[in-house]
Structures are given as C-alpha cells and as structure tokens.
Amino acid sequence: MDGSASSPTGQSPWMPFESRRRARDEKREAVLRTAVALFLEQGYHGTTLNHVAERLNITKPALYNYFRGKDEILYECWAIGAERVDESIDEIDATGGTGIEKLRKLIVSYAEAMTTDYGKSLVRFDIRDLTEHNRRIVRLAKKKIDQAFRDYIGQGIEDGSIRACNVKLSAFAIAGSLNWIGHWHQPNGALEAEAIAREFAIRLTEGLAIPSARKSMPKSTTKKAGKPPVRKRKSTGGSR
C-alpha cells in the first residue's frame, strides 16, 4: 500500500484549492459582517471576540484563523467602507461633468455609503483604537475624501456651475452633514437610502449651485449590501 488517502470512489476527500479558498473568503466575510454589526450595536469597546464568535456559532480560537485581533477586524471594516468611497470618486472622475455635477454625485454616493454598516465605520469608531500604522492609512484616506469635495467645489467655481465661496469651509460643511447620517440612520427607517441621498444632494448644494445648474441630479449609486468588494489595496501590515 502506498499510504495515499482516497475516498471509496477514488476521489480526493479534500476540496479543490479554489473551493477551499472561496470557502475561507466567505467565512472571513461573515466574520466582518457580524463584527461590524455588533460594533455598531454595542460599541467597539462593548463588543468582545467572544460576542462575535457566539453570534457566528463558532469558537473564539476559530476567529484567529482569519484575524489576529479585534483591532484588525475594526480596521478591515473601515477599509471596506473607505474603498467603496474611493471607487465612487474614481468613477466620478472618469465620467467627467461640471463641478456641481461631480459634487452632487459624490454627495449621493457618500450619503448612501453612510447608510451601510461599513460606511458607518468611517465615522462611528475612534481611530485611536487602531495601530499607529493603520491610523496613518486612515488619515490619508480621509484627506483624499476631503480633497475630492474641495476639488469639485473648486472646479465648479471655475466652470461657473458653483458660486464663489470658501472652498474649505463649504467642503467641511457638506462632509460634516453627510457624516452625521452614519450616526442617526436606522436601516428600517421611513426613508430608503436613495431617497436620503438625493435629498441631501439637493439641500447641500442649494446655496452653492448657479441657478442654471440646479436641475441636474445624479442617479443612485447604491451598491448592494452583502459581500465586501474585492480589495484592491495590498496588505499593509495589519494590526497586531
């Protein structure tokens, strides 16, 4: 006998590599979805890895197959939300348009992100709970989002679709209003995410838009909740 393991039918009892990897990815995603929901419900510090494991009906040690600690889970939840905003900015830049059109598209996209668990991660949690390495990444990403708002307002002033204004303060006012959605939004509320986003796009640009530019409104950019998107950025060290 050669000692090789095989099933009675001659087939390997092990799943094919791609199937094993897919199963691992799905389990990892389940950990993230469960953890972020608990963080939002009970607070980051009020949630333990035992709570996450219990809700998933697994053991706590099993979580360490996917993450090295709670702060790494927090960072990954934040990173998914940031990636979705990054993708929206890239799409807006690629499609072009006037400054006011780009600004409204970003407002709609960002507002919709704030109604999702991963989007809420961008504003509900304290980055001081992350490692210094990951805090630097978060700060840079926040600057990119802020810069996008400023760029679109500045472009609008140049192309005549936005009134002359203080670009920095206008960007702060808009982002601040949108960030607050992540604090008060309830998934089962009376208004759907798209309706909230479109209303904010109207209200937050009323005082900025030149009258002839007030009519155009972007379509919804909501992405279905469920699996996190495929990560583009490579691992940057993670938390320990």
# chains A, B, ... in the order shown; residues from 1 in each chain; ligands from 1
$ residues_around --residues "Met114 in chain A" --least-positions-apart "4" --cutoff "7 Å" --atoms "only C-alpha atoms" --output "list in words"
Tyr110, Gly119, Lys120, Asn179, Ile181 and Gly182 of chain A
$ closest_atom_pairs --of "range 43-103 of chain A" --to "range 205-209 of chain A" --cutoff "10 Å" --atoms "only C-alpha atoms" --output "tab-separated table"
residue	atom	partner	partner_atom	distance
A:Gly99	CA	A:Ala209	CA	9.5
A:Ile100	CA	A:Ala209	CA	6.6
A:Glu101	CA	A:Ala209	CA	9.6
A:Leu103	CA	A:Thr205	CA	8.3
$ write_last_selection --atoms "N, CA and C atoms" --output "mmCIF file, in the first residue's frame"
data_model
loop_
_atom_site.group_PDB
_atom_site.id
_atom_site.type_symbol
_atom_site.label_atom_id
_atom_site.label_comp_id
_atom_site.auth_asym_id
_atom_site.auth_seq_id
_atom_site.Cartn_x
_atom_site.Cartn_y
_atom_site.Cartn_z
ATOM 1 N N GLY A 99 -18.406 70.913 -12.221
ATOM 2 C CA GLY A 99 -18.084 70.787 -10.806
ATOM 3 C C GLY A 99 -19.307 70.464 -9.964
ATOM 4 N N ILE A 100 -20.437 71.119 -10.244
ATOM 5 C CA ILE A 100 -21.645 70.880 -9.446
ATOM 6 C C ILE A 100 -22.171 69.468 -9.689
ATOM 7 N N GLU A 101 -22.037 68.975 -10.915
ATOM 8 C CA GLU A 101 -22.490 67.614 -11.210
ATOM 9 C C GLU A 101 -21.648 66.592 -10.456
ATOM 10 N N LEU A 103 -19.924 67.171 -7.719
ATOM 11 C CA LEU A 103 -20.182 67.340 -6.288
ATOM 12 C C LEU A 103 -21.458 66.623 -5.888
#
$ residues_around --residues "Val138 in chain A" --least-positions-apart "5" --cutoff "10 Å" --atoms "only C-alpha atoms" --output "PyMOL selection string"
chain A and resi 75+78-79+82+122+127+130+132-133+143-144
$ write_last_selection --atoms "C-alpha atoms" --output "mmCIF file, in the first residue's frame"
data_model
loop_
_atom_site.group_PDB
_atom_site.id
_atom_site.type_symbol
_atom_site.label_atom_id
_atom_site.label_comp_id
_atom_site.auth_asym_id
_atom_site.auth_seq_id
_atom_site.Cartn_x
_atom_site.Cartn_y
_atom_site.Cartn_z
ATOM 1 C CA TYR A 75 -9.549 48.270 10.506
ATOM 2 C CA TRP A 78 -13.216 50.668 7.999
ATOM 3 C CA ALA A 79 -11.125 49.803 4.918
ATOM 4 C CA ALA A 82 -13.230 53.625 2.504
ATOM 5 C CA LEU A 122 -15.821 55.603 8.671
ATOM 6 C CA ILE A 127 -9.125 55.654 15.002
ATOM 7 C CA LEU A 130 -6.120 51.177 15.615
ATOM 8 C CA GLU A 132 -0.288 53.701 14.562
ATOM 9 C CA HIS A 133 0.418 52.223 11.124
ATOM 10 C CA LYS A 143 -7.690 63.576 3.377
ATOM 11 C CA LYS A 144 -8.393 62.084 -0.051
#
$ atom_distance --atom1 "CA of Tyr64 in chain A" --atom2 "CA of Glu26 in chain A"
15.1 Å
$ closest_residue --among "A:Glu112, A:Glu158, A:Glu199, A:Asp151" --to "Pro187 in chain A" --atoms "only C-alpha atoms"
A:Glu112
$ closest_residue --among "A:Ser161, A:His183, A:Glu54, A:Glu76" --to "Ile137 in chain A" --atoms "only C-alpha atoms"
A:Glu76
$ select_by_dssp --residues "range 46-224 of chain A" --states "helix (DSSP H, G or I)" --output "VMD selection string"
chain A and resid 49 to 56 60 to 63 70 to 95 99 to 113 117 to 124 127 to 129 132 to 159 167 to 184 193 to 203 211 to 213
$ write_last_selection --atoms "C-alpha atoms" --output "compact mmCIF listing (two decimals), in the first residue's frame"
# COMPACT_ATOMS: atom_id res chain seq x y z
CA LEU A 49 -14.38 38.48 20.27
CA ASN A 50 -16.44 36.07 22.35
CA HIS A 51 -19.56 38.02 21.33
CA VAL A 52 -18.59 37.75 17.66
CA ALA A 53 -17.86 34.03 17.99
CA GLU A 54 -21.12 33.35 19.81
CA ARG A 55 -23.18 35.09 17.14
CA LEU A 56 -21.40 33.10 14.46
CA LYS A 60 -13.22 32.19 19.76
CA PRO A 61 -9.97 30.45 18.69
CA ALA A 62 -11.57 29.85 15.28
CA LEU A 63 -11.64 33.62 14.71
CA LYS A 70 -10.28 42.82 17.31
CA ASP A 71 -8.48 45.95 16.16
CA GLU A 72 -7.58 44.25 12.87
CA ILE A 73 -11.27 43.44 12.33
CA LEU A 74 -12.12 47.09 13.03
CA TYR A 75 -9.55 48.27 10.51
CA GLU A 76 -10.82 45.88 7.84
CA CYS A 77 -14.41 47.09 8.35
CA TRP A 78 -13.22 50.67 8.00
CA ALA A 79 -11.12 49.80 4.92
CA ILE A 80 -14.11 48.29 3.11
CA GLY A 81 -16.14 51.46 3.66
CA ALA A 82 -13.23 53.63 2.50
CA GLU A 83 -12.70 51.50 -0.59
CA ARG A 84 -16.31 51.97 -1.65
CA VAL A 85 -15.94 55.75 -1.39
CA ASP A 86 -12.62 55.55 -3.29
CA GLU A 87 -14.30 53.63 -6.09
CA SER A 88 -17.06 56.23 -6.31
CA ILE A 89 -14.53 59.06 -6.58
CA ASP A 90 -12.67 57.20 -9.34
CA GLU A 91 -15.93 56.65 -11.24
CA ILE A 92 -16.92 60.30 -10.88
CA ASP A 93 -13.53 61.47 -12.12
CA ALA A 94 -13.75 59.09 -15.07
CA THR A 95 -17.22 60.23 -16.19
CA GLY A 99 -18.08 70.79 -10.81
CA ILE A 100 -21.64 70.88 -9.45
CA GLU A 101 -22.49 67.61 -11.21
CA LYS A 102 -19.45 65.89 -9.73
CA LEU A 103 -20.18 67.34 -6.29
CA ARG A 104 -23.76 66.06 -6.35
CA LYS A 105 -22.65 62.62 -7.47
CA LEU A 106 -20.17 62.47 -4.61
CA ILE A 107 -22.79 63.64 -2.12
CA VAL A 108 -25.22 60.94 -3.30
CA SER A 109 -22.56 58.22 -3.21
CA TYR A 110 -21.18 59.26 0.16
CA ALA A 111 -24.63 59.64 1.71
CA GLU A 112 -25.59 56.15 0.56
CA ALA A 113 -22.35 54.79 2.00
CA ASP A 117 -22.60 49.26 8.19
CA TYR A 118 -19.22 49.51 6.50
CA GLY A 119 -19.81 53.16 5.60
CA LYS A 120 -20.76 53.94 9.19
CA SER A 121 -17.41 52.50 10.20
CA LEU A 122 -15.82 55.60 8.67
CA VAL A 123 -17.42 57.91 11.22
CA ARG A 124 -18.63 55.88 14.20
CA ILE A 127 -9.13 55.65 15.00
CA ARG A 128 -7.13 55.70 18.25
CA ASP A 129 -8.23 52.08 18.65
CA GLU A 132 -0.29 53.70 14.56
CA HIS A 133 0.42 52.22 11.12
CA ASN A 134 -3.27 51.84 10.35
CA ARG A 135 -4.08 55.26 11.82
CA ARG A 136 -1.77 56.81 9.24
CA ILE A 137 -3.60 54.98 6.45
CA VAL A 138 -6.96 56.17 7.79
CA ARG A 139 -5.81 59.79 7.99
CA LEU A 140 -4.53 59.72 4.42
CA ALA A 141 -7.80 58.24 3.16
CA LYS A 142 -9.83 60.88 5.00
CA LYS A 143 -7.69 63.58 3.38
CA LYS A 144 -8.39 62.08 -0.05
CA ILE A 145 -12.15 62.23 0.53
CA ASP A 146 -11.94 65.80 1.84
CA GLN A 147 -9.80 66.77 -1.15
CA ALA A 148 -12.38 65.35 -3.56
CA PHE A 149 -15.09 67.59 -2.09
CA ARG A 150 -12.76 70.59 -2.32
CA ASP A 151 -11.69 69.77 -5.87
CA TYR A 152 -15.25 69.51 -7.17
CA ILE A 153 -16.27 72.76 -5.48
CA GLY A 154 -13.19 74.47 -6.91
CA GLN A 155 -13.91 73.09 -10.38
CA GLY A 156 -17.48 74.31 -10.11
CA ILE A 157 -16.34 77.82 -9.30
CA GLU A 158 -14.01 77.77 -12.29
CA ASP A 159 -16.57 76.41 -14.75
CA VAL A 167 -13.92 76.09 -0.69
CA LYS A 168 -12.52 74.68 2.53
CA LEU A 169 -15.47 75.68 4.74
CA SER A 170 -18.00 74.56 2.13
CA ALA A 171 -16.35 71.15 1.92
CA PHE A 172 -16.31 70.86 5.72
CA ALA A 173 -20.00 71.81 5.96
CA ILE A 174 -21.04 69.24 3.34
CA ALA A 175 -18.90 66.40 4.70
CA GLY A 176 -19.97 67.13 8.26
CA SER A 177 -23.64 66.91 7.33
CA LEU A 178 -23.10 63.65 5.45
CA ASN A 179 -21.04 62.10 8.23
CA TRP A 180 -23.87 62.65 10.67
CA ILE A 181 -26.07 60.32 8.61
CA GLY A 182 -23.88 57.50 9.85
CA HIS A 183 -24.91 58.33 13.43
CA TRP A 184 -28.69 58.73 13.08
CA ALA A 193 -31.01 55.18 1.34
CA GLU A 194 -31.52 56.53 -2.18
CA ALA A 195 -34.18 58.99 -1.04
CA ILE A 196 -31.97 60.25 1.78
CA ALA A 197 -29.00 60.64 -0.55
CA ARG A 198 -30.91 62.55 -3.22
CA GLU A 199 -32.49 64.87 -0.66
CA PHE A 200 -29.08 65.67 0.81
CA ALA A 201 -27.67 66.31 -2.67
CA ILE A 202 -30.40 68.90 -3.22
CA ARG A 203 -30.24 70.59 0.17
CA PRO A 211 -29.49 78.68 -10.95
CA SER A 212 -28.93 77.06 -14.37
CA ALA A 213 -27.10 74.16 -12.72
